[in-house]
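Participant: One structure, pasted below without further comment.
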Amino acid sequence: MEREGSIRIPAGCAIAGIISREGKRFSGDAIRRSMSMMHERSNGLGGGFAGYGIYPEYKDAYALHVFYDNIEAREACEKYLDSRFDIVNLSKIPVKKIRAITGEPLIWRYFVHPLPTRLADSQLDENEFTRRCVFRVNTSIEGAYVFSSGKNMGVFKAVGYPEDVAEFYQIGDYEGCCWTAHGRYPTNTPGWWGGAHPFSLLDMTVVHNGEISSYDANRRFIEMYGYTCTLKTDTEVITYILDYLVRKIGLDFTEASNVIAAPFWSTIASKDEREKQRLTYLRNMFASLLITGPFSILVGFNGGLMMLNDRLKLRSMVMGEKDDFVYFASEEAAIRAVEPAVENLYAPRGGEAVIVLTKGGASHAD
Amino acid sequence: MPIDFLYPKFEVVRNPQRCIACRVCERQCANEVHRFDPALNLMESDESKCVDCHRCVSLCPTRALKIVETDHAFRKNANWSGEIISEIYLQAKSGGVLLSSMGNPAGHPIYWDKLLINASQVTNPSIDPLREPIETKTFLGKKTHDIKRDKNGHLVTETSPQLEISMPVMFSAMSYGSISYNAHECLARAAAELGIYYNTGEGGLHEDFYRYGAHTIVQVASGRFGVHKDYLEAGAAIEIKMGQGAKPGIGGHLPGGKIVGDIAKTRMIPEGSDAISPAPHHDIYSIEDLRQLVYSLKEATGYRKPVIVKIAAVHNVAAIASGIARSGADIIAIDGFRGGTGAAPTRIRDHVGIPIELALASVDDRLREEGIRQDVSLVAGGSVRSSADIVKAIALGADAVYVATAPLLALGCHLCATCFTGKCNWGIATQEPELVKRLNPEIGFLRLVNLLTAWKHEISEMMGGMGINSIEALKGNRLMLRGVGLNEKELQILGVRHAGE
Amino acid sequence: MKRITVNEKWCLGCHLCEYYCAFANSGGEDMAKALKGITIQPRLRIEQAGCISFAVACRHCDTPLCVKSCITGSLSVRDGVVCVDREKCVGCYTCVMVCPYGAVMPSESGAIQKCELCTQRSPGIPACVSGCPNGAIVLENGG
């Protein structure tokens, strides 16, 4: 059987997210409980979590989470990282052996700063420099795979049910101001940890439920701009599209949502002249980044969270509020599992982006 | 000379039981095949003049006629076909170049027919176009690599000039002269009705059709016929014709006999003079010269109109297209080797150029590899025959397609491929008034609208089946295609997997 | 008011309208059988000079001279269509002579014949209109 990345594997899923508007940090246990309620939406072939604000002691360093197939891969990768970064801390990511999770790779964590001389030579900004190094590892060091690379945030994922993955990584021991999570139901058995979600690029993470029909149009476009789709998953390409539109082009998240879940032309025609021009411009100029087919996504970034559905709303997604917290999930039950007294339940319409920013957070990923 | 005798290719079969000698066939055949014999009170035929255009067959009120290929044959020979033998007799007699019309009929692979389209099952819902919107509208023109904001932070929404089309199909260039006034009127009115564009070809724009300018692409070819400031201003876009799929590397020749009346006036040349388009543009001997013409035309029209550069699909098409994309063109049109023509040397039509499917795939790939796909839109032409071909072309990477033969068929053309005789019995490729009037634009325009409306429905159905509700999401979406019966190399060039993979 | 109009710009002079007319009024089911070996007597005629041709048929005038001149009352206007009652026609041909368009003519039976817009046949489009290959004969409804 072909490994993930050499073929495209459709998948259905469960997703959830919790964010504190005040930026208060809370244990990852809440998101675990939310996910376990949606057990039936996964099939044990992938689960994962992303937590923001979890590494306050190293908040200015890029936190790299890496899977290694073997020692040789680790040595090669560390040699490469050493040549590009100042590694301020490295360790194995603590895990708890449980029966439900098997076949784990070597899982390491590095807190790094780009070497100033290397960075200057590259003529790139710090983020782009780091992004390129991550791509380099993932595409050219066999057996090494960086699956998390942002500052003060981290992705934890594995092959297994989400609640088991949480236990494996002891998610409850981390405290973050925003969490997203994913349980996977692929139609194939890739059995590769790197293929689990969230997918991340720098501090942007995407969890996604759906199967987009525009995939190859999107992929072939985004690959023009220095992104290499190695996994061939929707989540990967959506992450790159958002990185391109927000970080590289400079659109805000609302504008990016107007590109990837663009309103129908008939809707655009009903808007006032200025809005019509704006929406037409975005849709026309970035036409190849329109995403069709079912998707519901939660996009995490330092400073906030965006929820977005495809423009026909072909995947479920609800949100609710309680006090400082905003909850998102594929099913209302998953919200009530964490907060039975949830208020203002709402199912956002197709193409309607919901953006929640933490206090003091910026709307841009950088 | 007896050697030159060629047995007629076609036989007119007349059912004597059904023929009522109404003589419609006789009146309608410009080739004078049919004749009434008053003494015998019978219709007779001279089949040596028959071109198999079916005008008589179609109009016969009692279905008394059919045309069949003769079973008279040369001795069977897999190498020396009857066609080749006959052509040698013709050339030995005339000393001339063989002429043909319409597209290459030879048996080369038709890649459209070896590509199959995907559909959704289970994991992703198909979309029913009767219940949900399926969007086929798109824009042609340069896209952007960055954005600008005004001092209030609002997006600046000005763009390079764009062509808006309601569906990704346009009528490709056919000059007034090569086809009739009425054929042009059909195309112009249908384009306006459909929200697409038609193309003047290189013969200028008849003054009656300036009112359809908002749906007209005006062409500038090597002969510069009919090109003047008002003409350039009249169209919505300007196309520089560098080449044509049916005859890459050579120019055109409309004989003086056809340069009459309004055609001479529209082309701005004296009546009766041959209209000869040189093989190259004599001000374009290299890519940097092309850039000058592109910008000359943009200057002349205030940078308000996109410029299309049309080339024939030849061996090095990807590199050529890349050069054009860097020369200021907004749109590149590629014409495959099966593209039609009013007249072309037979050997060139049938042996020069490459299939549009391969050319399109390799150009799209190359422009992406170089990161300049956004700088141009791609229009593919050269035998796009149906809505399925269109869907496949878009999925391979085209922004839109050009069609010409299919609309001519809709107007009555029966592909007899003898346009060069100027005696088109269907009133399309002719300038003889009594033949031209056979194409009533009231009927023809509606048939074109019908054809494209039907195609739009079919495109929507196929897109919906794939779960795609916007044509933009189909563009370059090669995962939606699979090859059948293609070898590794062909699959690699097309960038698709084999069916079953 | 129904009437057929002819646009000579699109008339090809193919004469198909005459054959469709003759067949429509023959009562036969197969054109080949109905018209084979006979000289047709259509109710409209193609007039031709040089490259200009057009079909001439009854115009169903508002105040038809033929009706006015008919001595037996066999011609009348029904729903705007000038119709013939063959039983009443005595074959005096006054109508043939007064029609300024030559649209009334004797038939083989002796009574006159003229275009009745195929109202005697199954209702709908006259045979000449549906049979014209170039849209040169058009049925117009209303005033």
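Letters A, B, ... mark the chains of the structure tokens in the order given; residue numbers begin at 1 per chain; ligand numbers begin at 1, in order shown.
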Show which residues sit within 10 Å of A:Asp82, as number ranges by chain. Count only C-alpha atoms, and ignore same-chain residues fewer than 5 positions away.
Facilitator: A: 76-77, 87, 112, 114-115
Participant: Do a neighbour search on stretch 18-23 of chain C at 10 Å with only C-alpha atoms, toss out local chain neighbours closer than 5 positions, and write the hits as a count of residues only.
Facilitator: 31
Participant: Residues of chain B were defined as contacting chain A if any atom lay at most 6 Å from it, counting only C-alpha atoms; please report them as a PyMOL selection string.
Facilitator: chain B and resi 124+143-144+146+157+368+371+467-468+472-473+475-477+479
Participant: Give one line per residue of chain B that approaches chain C to at most 12 Å, naming the two atoms of the closest pair and their distance in Å to one decimal, counting only C-alpha atoms; sort by chain then ascending residue number and deliver it as a Markdown table.
Facilitator:
| residue | atom | partner | partner_atom | distance |
| --- | --- | --- | --- | --- |
| B:Asn15 | CA | C:Ala32 | CA | 10.3 |
| B:Pro16 | CA | C:Ala32 | CA | 9.7 |
| B:Gln17 | CA | C:Ala32 | CA | 7.3 |
| B:Arg18 | CA | C:Ala32 | CA | 4.9 |
| B:Cys19 | CA | C:Ala32 | CA | 6.6 |
| B:Ile20 | CA | C:Lys36 | CA | 4.7 |
| B:Ala21 | CA | C:Lys36 | CA | 7.9 |
| B:Cys22 | CA | C:Tyr19 | CA | 7.4 |
| B:Arg23 | CA | C:Cys14 | CA | 8.1 |
| B:Val24 | CA | C:Cys14 | CA | 5.4 |
| B:Cys25 | CA | C:Cys14 | CA | 8.4 |
| B:Glu26 | CA | C:Cys14 | CA | 8.9 |
| B:Arg27 | CA | C:Cys14 | CA | 6.0 |
| B:Gln28 | CA | C:Cys14 | CA | 6.8 |
| B:Cys29 | CA | C:Cys14 | CA | 10.5 |
| B:Leu40 | CA | C:Gly37 | CA | 11.8 |
| B:Asn41 | CA | C:Gly37 | CA | 8.8 |
| B:Leu42 | CA | C:Gly37 | CA | 10.0 |
| B:Arg55 | CA | C:Pro133 | CA | 10.8 |
| B:Cys56 | CA | C:Cys14 | CA | 10.8 |
| B:Ser58 | CA | C:Pro133 | CA | 9.4 |
| B:Leu59 | CA | C:Pro133 | CA | 7.4 |
| B:Cys60 | CA | C:Leu16 | CA | 8.6 |
| B:Pro61 | CA | C:Leu16 | CA | 7.5 |
| B:Thr62 | CA | C:Ala32 | CA | 5.7 |
| B:Arg63 | CA | C:Ala32 | CA | 8.8 |
| B:Ala64 | CA | C:Ala32 | CA | 8.6 |
| B:Asn182 | CA | C:Trp10 | CA | 11.1 |
| B:Leu411 | CA | C:Asn134 | CA | 11.6 |
| B:Gly412 | CA | C:Pro133 | CA | 11.2 |
| B:Asn425 | CA | C:Leu12 | CA | 11.5 |
| B:Trp426 | CA | C:Asn134 | CA | 10.6 |
| B:Gly427 | CA | C:Asn134 | CA | 10.9 |
| B:Glu432 | CA | C:Cys51 | CA | 11.1 |
| B:Pro433 | CA | C:Cys51 | CA | 8.8 |
| B:Glu434 | CA | C:Cys51 | CA | 6.8 |
| B:Leu435 | CA | C:Leu12 | CA | 8.5 |
| B:Val436 | CA | C:Trp10 | CA | 9.6 |
| B:Lys437 | CA | C:Trp10 | CA | 5.9 |
| B:Arg438 | CA | C:Asn134 | CA | 6.4 |
| B:Leu439 | CA | C:Asn134 | CA | 7.1 |
| B:Asn440 | CA | C:Asn134 | CA | 6.1 |
| B:Pro441 | CA | C:Asn134 | CA | 9.5 |
| B:Glu442 | CA | C:Gly135 | CA | 8.1 |
| B:Ile443 | CA | C:Gly135 | CA | 7.2 |
| B:Gly444 | CA | C:Asn134 | CA | 9.7 |
Participant: DSSP on the backbone: which residues in stretch 83-212 of chain A end up as helix (DSSP H, G or I)? Give the answer as a PDB file with N, CA and C atoms, in the first residue's frame.
Facilitator:
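Done, and the output landed in result-v7.pdb:
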ATOM      1  N   SER A  83      22.996  23.645  12.134  1.00  0.00           N
ATOM      2  CA  SER A  83      23.663  24.529  11.175  1.00  0.00           C
ATOM      3  C   SER A  83      22.835  25.765  10.873  1.00  0.00           C
ATOM      4  N   ARG A  84      21.583  25.756  11.245  1.00  0.00           N
ATOM      5  CA  ARG A  84      20.700  26.879  10.910  1.00  0.00           C
ATOM      6  C   ARG A  84      20.180  27.628  12.137  1.00  0.00           C
ATOM      7  N   PRO A 116      21.687  34.208  13.710  1.00  0.00           N
ATOM      8  CA  PRO A 116      21.620  35.555  13.128  1.00  0.00           C
ATOM      9  C   PRO A 116      22.387  35.692  11.818  1.00  0.00           C
ATOM     10  N   THR A 117      23.553  35.048  11.723  1.00  0.00           N
ATOM     11  CA  THR A 117      24.338  35.184  10.491  1.00  0.00           C
ATOM     12  C   THR A 117      23.631  34.502   9.321  1.00  0.00           C
ATOM     13  N   ARG A 118      23.121  33.303   9.610  1.00  0.00           N
ATOM     14  CA  ARG A 118      22.398  32.567   8.582  1.00  0.00           C
ATOM     15  C   ARG A 118      21.157  33.343   8.119  1.00  0.00           C
ATOM     16  N   LEU A 119      20.473  33.895   9.093  1.00  0.00           N
ATOM     17  CA  LEU A 119      19.253  34.632   8.792  1.00  0.00           C
ATOM     18  C   LEU A 119      19.578  35.834   7.907  1.00  0.00           C
ATOM     19  N   ALA A 120      20.648  36.553   8.281  1.00  0.00           N
ATOM     20  CA  ALA A 120      21.031  37.739   7.506  1.00  0.00           C
ATOM     21  C   ALA A 120      21.421  37.341   6.082  1.00  0.00           C
ATOM     22  N   ASP A 121      22.189  36.242   5.970  1.00  0.00           N
ATOM     23  CA  ASP A 121      22.615  35.784   4.648  1.00  0.00           C
ATOM     24  C   ASP A 121      21.437  35.418   3.756  1.00  0.00           C
ATOM     25  N   SER A 122      20.398  34.902   4.373  1.00  0.00           N
ATOM     26  CA  SER A 122      19.263  34.411   3.579  1.00  0.00           C
ATOM     27  C   SER A 122      18.432  35.546   3.000  1.00  0.00           C
ATOM     28  N   GLU A 126      12.462  36.184   9.576  1.00  0.00           N
ATOM     29  CA  GLU A 126      12.630  35.055  10.473  1.00  0.00           C
ATOM     30  C   GLU A 126      11.623  33.924  10.183  1.00  0.00           C
ATOM     31  N   ASN A 127      10.357  34.333   9.934  1.00  0.00           N
ATOM     32  CA  ASN A 127       9.328  33.331   9.677  1.00  0.00           C
ATOM     33  C   ASN A 127       9.591  32.561   8.386  1.00  0.00           C
ATOM     34  N   GLU A 128       9.915  33.292   7.335  1.00  0.00           N
ATOM     35  CA  GLU A 128      10.132  32.637   6.048  1.00  0.00           C
ATOM     36  C   GLU A 128      11.370  31.742   6.106  1.00  0.00           C
ATOM     37  N   PHE A 129      12.385  32.212   6.810  1.00  0.00           N
ATOM     38  CA  PHE A 129      13.594  31.413   6.994  1.00  0.00           C
ATOM     39  C   PHE A 129      13.256  30.091   7.674  1.00  0.00           C
ATOM     40  N   THR A 130      12.504  30.185   8.745  1.00  0.00           N
ATOM     41  CA  THR A 130      12.150  28.981   9.504  1.00  0.00           C
ATOM     42  C   THR A 130      11.253  28.062   8.664  1.00  0.00           C
ATOM     43  N   ARG A 131      10.293  28.680   7.963  1.00  0.00           N
ATOM     44  CA  ARG A 131       9.403  27.876   7.112  1.00  0.00           C
ATOM     45  C   ARG A 131      10.213  27.074   6.098  1.00  0.00           C
ATOM     46  N   ARG A 132      11.185  27.734   5.495  1.00  0.00           N
ATOM     47  CA  ARG A 132      11.972  27.032   4.475  1.00  0.00           C
ATOM     48  C   ARG A 132      12.791  25.897   5.077  1.00  0.00           C
ATOM     49  N   CYS A 133      13.319  26.145   6.255  1.00  0.00           N
ATOM     50  CA  CYS A 133      14.093  25.083   6.908  1.00  0.00           C
ATOM     51  C   CYS A 133      13.200  23.882   7.228  1.00  0.00           C
ATOM     52  N   VAL A 134      11.979  24.172   7.678  1.00  0.00           N
ATOM     53  CA  VAL A 134      11.049  23.086   7.991  1.00  0.00           C
ATOM     54  C   VAL A 134      10.742  22.280   6.717  1.00  0.00           C
ATOM     55  N   PHE A 135      10.492  22.988   5.610  1.00  0.00           N
ATOM     56  CA  PHE A 135      10.228  22.304   4.341  1.00  0.00           C
ATOM     57  C   PHE A 135      11.416  21.439   3.937  1.00  0.00           C
ATOM     58  N   ARG A 136      12.603  21.993   4.188  1.00  0.00           N
ATOM     59  CA  ARG A 136      13.813  21.279   3.808  1.00  0.00           C
ATOM     60  C   ARG A 136      13.923  19.953   4.555  1.00  0.00           C
ATOM     61  N   VAL A 137      13.674  20.010   5.849  1.00  0.00           N
ATOM     62  CA  VAL A 137      13.719  18.783   6.649  1.00  0.00           C
ATOM     63  C   VAL A 137      12.677  17.791   6.126  1.00  0.00           C
ATOM     64  N   ASN A 138      11.458  18.293   5.926  1.00  0.00           N
ATOM     65  CA  ASN A 138      10.365  17.384   5.592  1.00  0.00           C
ATOM     66  C   ASN A 138      10.479  16.789   4.195  1.00  0.00           C
ATOM     67  N   THR A 139      11.138  17.500   3.303  1.00  0.00           N
ATOM     68  CA  THR A 139      11.223  16.975   1.942  1.00  0.00           C
ATOM     69  C   THR A 139      12.534  16.253   1.677  1.00  0.00           C
ATOM     70  N   SER A 140      13.581  16.534   2.478  1.00  0.00           N
ATOM     71  CA  SER A 140      14.851  15.926   2.078  1.00  0.00           C
ATOM     72  C   SER A 140      15.554  15.079   3.143  1.00  0.00           C
ATOM     73  N   PRO A 162      -8.795  10.370  19.275  1.00  0.00           N
ATOM     74  CA  PRO A 162      -8.328  11.627  19.875  1.00  0.00           C
ATOM     75  C   PRO A 162      -8.158  11.542  21.391  1.00  0.00           C
ATOM     76  N   GLU A 163      -9.109  10.896  22.068  1.00  0.00           N
ATOM     77  CA  GLU A 163      -8.994  10.864  23.528  1.00  0.00           C
ATOM     78  C   GLU A 163      -7.787  10.026  23.971  1.00  0.00           C
ATOM     79  N   ASP A 164      -7.439   9.016  23.178  1.00  0.00           N
ATOM     80  CA  ASP A 164      -6.249   8.218  23.484  1.00  0.00           C
ATOM     81  C   ASP A 164      -4.979   9.017  23.203  1.00  0.00           C
ATOM     82  N   VAL A 165      -5.037   9.789  22.120  1.00  0.00           N
ATOM     83  CA  VAL A 165      -3.889  10.632  21.787  1.00  0.00           C
ATOM     84  C   VAL A 165      -3.652  11.638  22.910  1.00  0.00           C
ATOM     85  N   ALA A 166      -4.755  12.179  23.451  1.00  0.00           N
ATOM     86  CA  ALA A 166      -4.641  13.145  24.550  1.00  0.00           C
ATOM     87  C   ALA A 166      -3.972  12.503  25.757  1.00  0.00           C
ATOM     88  N   GLU A 167      -4.366  11.279  26.018  1.00  0.00           N
ATOM     89  CA  GLU A 167      -3.786  10.591  27.172  1.00  0.00           C
ATOM     90  C   GLU A 167      -2.311  10.292  26.934  1.00  0.00           C
ATOM     91  N   PHE A 168      -2.031   9.880  25.710  1.00  0.00           N
ATOM     92  CA  PHE A 168      -0.656   9.541  25.332  1.00  0.00           C
ATOM     93  C   PHE A 168       0.271  10.736  25.553  1.00  0.00           C
ATOM     94  N   TYR A 169      -0.171  11.908  25.104  1.00  0.00           N
ATOM     95  CA  TYR A 169       0.669  13.116  25.225  1.00  0.00           C
ATOM     96  C   TYR A 169       0.452  13.841  26.558  1.00  0.00           C
ATOM     97  N   ILE A 171      -2.133  15.626  27.476  1.00  0.00           N
ATOM     98  CA  ILE A 171      -2.558  16.969  27.068  1.00  0.00           C
ATOM     99  C   ILE A 171      -3.045  17.786  28.264  1.00  0.00           C
ATOM    100  N   GLY A 172      -3.635  17.082  29.225  1.00  0.00           N
ATOM    101  CA  GLY A 172      -4.156  17.772  30.414  1.00  0.00           C
ATOM    102  C   GLY A 172      -3.083  18.505  31.198  1.00  0.00           C
ATOM    103  N   ASP A 173      -1.824  18.126  30.985  1.00  0.00           N
ATOM    104  CA  ASP A 173      -0.739  18.782  31.719  1.00  0.00           C
ATOM    105  C   ASP A 173      -0.323  20.115  31.096  1.00  0.00           C
ATOM    106  N   TRP A 193       2.011   8.691  11.413  1.00  0.00           N
ATOM    107  CA  TRP A 193       1.715   9.717  12.403  1.00  0.00           C
ATOM    108  C   TRP A 193       1.721  11.126  11.808  1.00  0.00           C
ATOM    109  N   GLY A 194       2.601  11.319  10.859  1.00  0.00           N
ATOM    110  CA  GLY A 194       2.679  12.654  10.246  1.00  0.00           C
ATOM    111  C   GLY A 194       1.389  13.028   9.525  1.00  0.00           C
ATOM    112  N   GLY A 195       0.635  11.996   9.118  1.00  0.00           N
ATOM    113  CA  GLY A 195      -0.598  12.252   8.382  1.00  0.00           C
ATOM    114  C   GLY A 195      -1.755  12.661   9.266  1.00  0.00           C
TER     115      GLY A 195
END
Participant: Which parts of stretch 141-183 of chain A does DSSP call strand (DSSP E) when run on the backbone here, written out as a list in words?
Facilitator: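 These are the residues in question: Ala144, Tyr145, Val146, Phe147, Ser148, Met153, Gly154, Val155, Phe156, Lys157, Ala158, Glu175, Gly176, Cys178, Trp179, Thr180, Ala181, His182 and Gly183 of chain A.
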Participant: Please indicate the distance in Å from atom CA of A:Gly351 to atom CA of B:Gly153, rounded to one decimal place.
Facilitator: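 A separation of 23.0 Å between them.
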Participant: Show which residues sit within 6 Å of stretch 77-91 of chain C, as a PyMOL selection string. Count only C-alpha atoms, and ignore same-chain residues fewer than 5 positions away.
Facilitator: chain C and resi 1+60+110-111+116
Participant: I need the chosen residues saved as an mmCIF file, in the first residue's frame, with N, CA and C atoms.
Facilitator:
data_model
loop_
_atom_site.group_PDB
_atom_site.id
_atom_site.type_symbol
_atom_site.label_atom_id
_atom_site.label_comp_id
_atom_site.auth_asym_id
_atom_site.auth_seq_id
_atom_site.Cartn_x
_atom_site.Cartn_y
_atom_site.Cartn_z
ATOM 1 N N MET C 1 -54.960 38.667 -36.080
ATOM 2 C CA MET C 1 -55.282 38.081 -37.375
ATOM 3 C C MET C 1 -54.083 37.292 -37.905
ATOM 4 N N HIS C 60 -55.049 37.198 -47.128
ATOM 5 C CA HIS C 60 -56.192 37.269 -46.209
ATOM 6 C C HIS C 60 -56.509 38.720 -45.880
ATOM 7 N N GLY C 110 -62.583 21.935 -60.651
ATOM 8 C CA GLY C 110 -63.436 22.968 -61.216
ATOM 9 C C GLY C 110 -63.685 24.102 -60.257
ATOM 10 N N ALA C 111 -63.863 23.782 -58.984
ATOM 11 C CA ALA C 111 -64.025 24.840 -57.979
ATOM 12 C C ALA C 111 -62.689 25.572 -57.841
ATOM 13 N N GLU C 116 -55.702 28.467 -47.340
ATOM 14 C CA GLU C 116 -56.569 28.678 -46.184
ATOM 15 C C GLU C 116 -55.761 28.487 -44.889
#
Participant: What's the separation between atom CA of A:Ser149 and atom CA of A:His65, in Å to one decimal place?
Facilitator: 6.6 Å
Participant: In Å, with one decimal, what is the gap from atom CA of A:Cys229 to atom CA of A:Met307?
Facilitator: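 So the two atoms, atom CA of A:Cys229 and atom CA of A:Met307, lie 22.9 Å apart.
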Participant: Compare A:Glu72, A:Val155, A:Tyr185, A:Leu231 by their minimum atom-to-atom distance to B:Thr123, counting only C-alpha atoms, and give me the closest one.
Facilitator: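 For B:Thr123, the nearest of the candidates is A:Tyr185.
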Participant: Just the residues within 7 Å of stretch 372-389 of chain B, please, counting only C-alpha atoms, with nothing from its chain fewer than 3 positions along; format it as an MDAnalysis selection string.
Facilitator: chainID B and resid 112 140:144 245 325 329:340 356 360 367:368 392:393 398:403 406 455 458:459
Participant: Show me, as a list in words, the residues that have an atom within 7 Å of stretch 47-52 of chain A when counting only C-alpha atoms, minus same-chain residues fewer than 2 positions from it.
Facilitator: Ile54, Asn152, Met153, Gly154, Val155, Phe156, Lys157, Ala158, Val159, Gly160, Tyr161, Pro162, Val165, Gly176, Cys177, Cys178, Trp179, Thr180, Ala181, His182, Gly183, Arg184, Ala196, His197, Pro198 and Asn302 of chain A
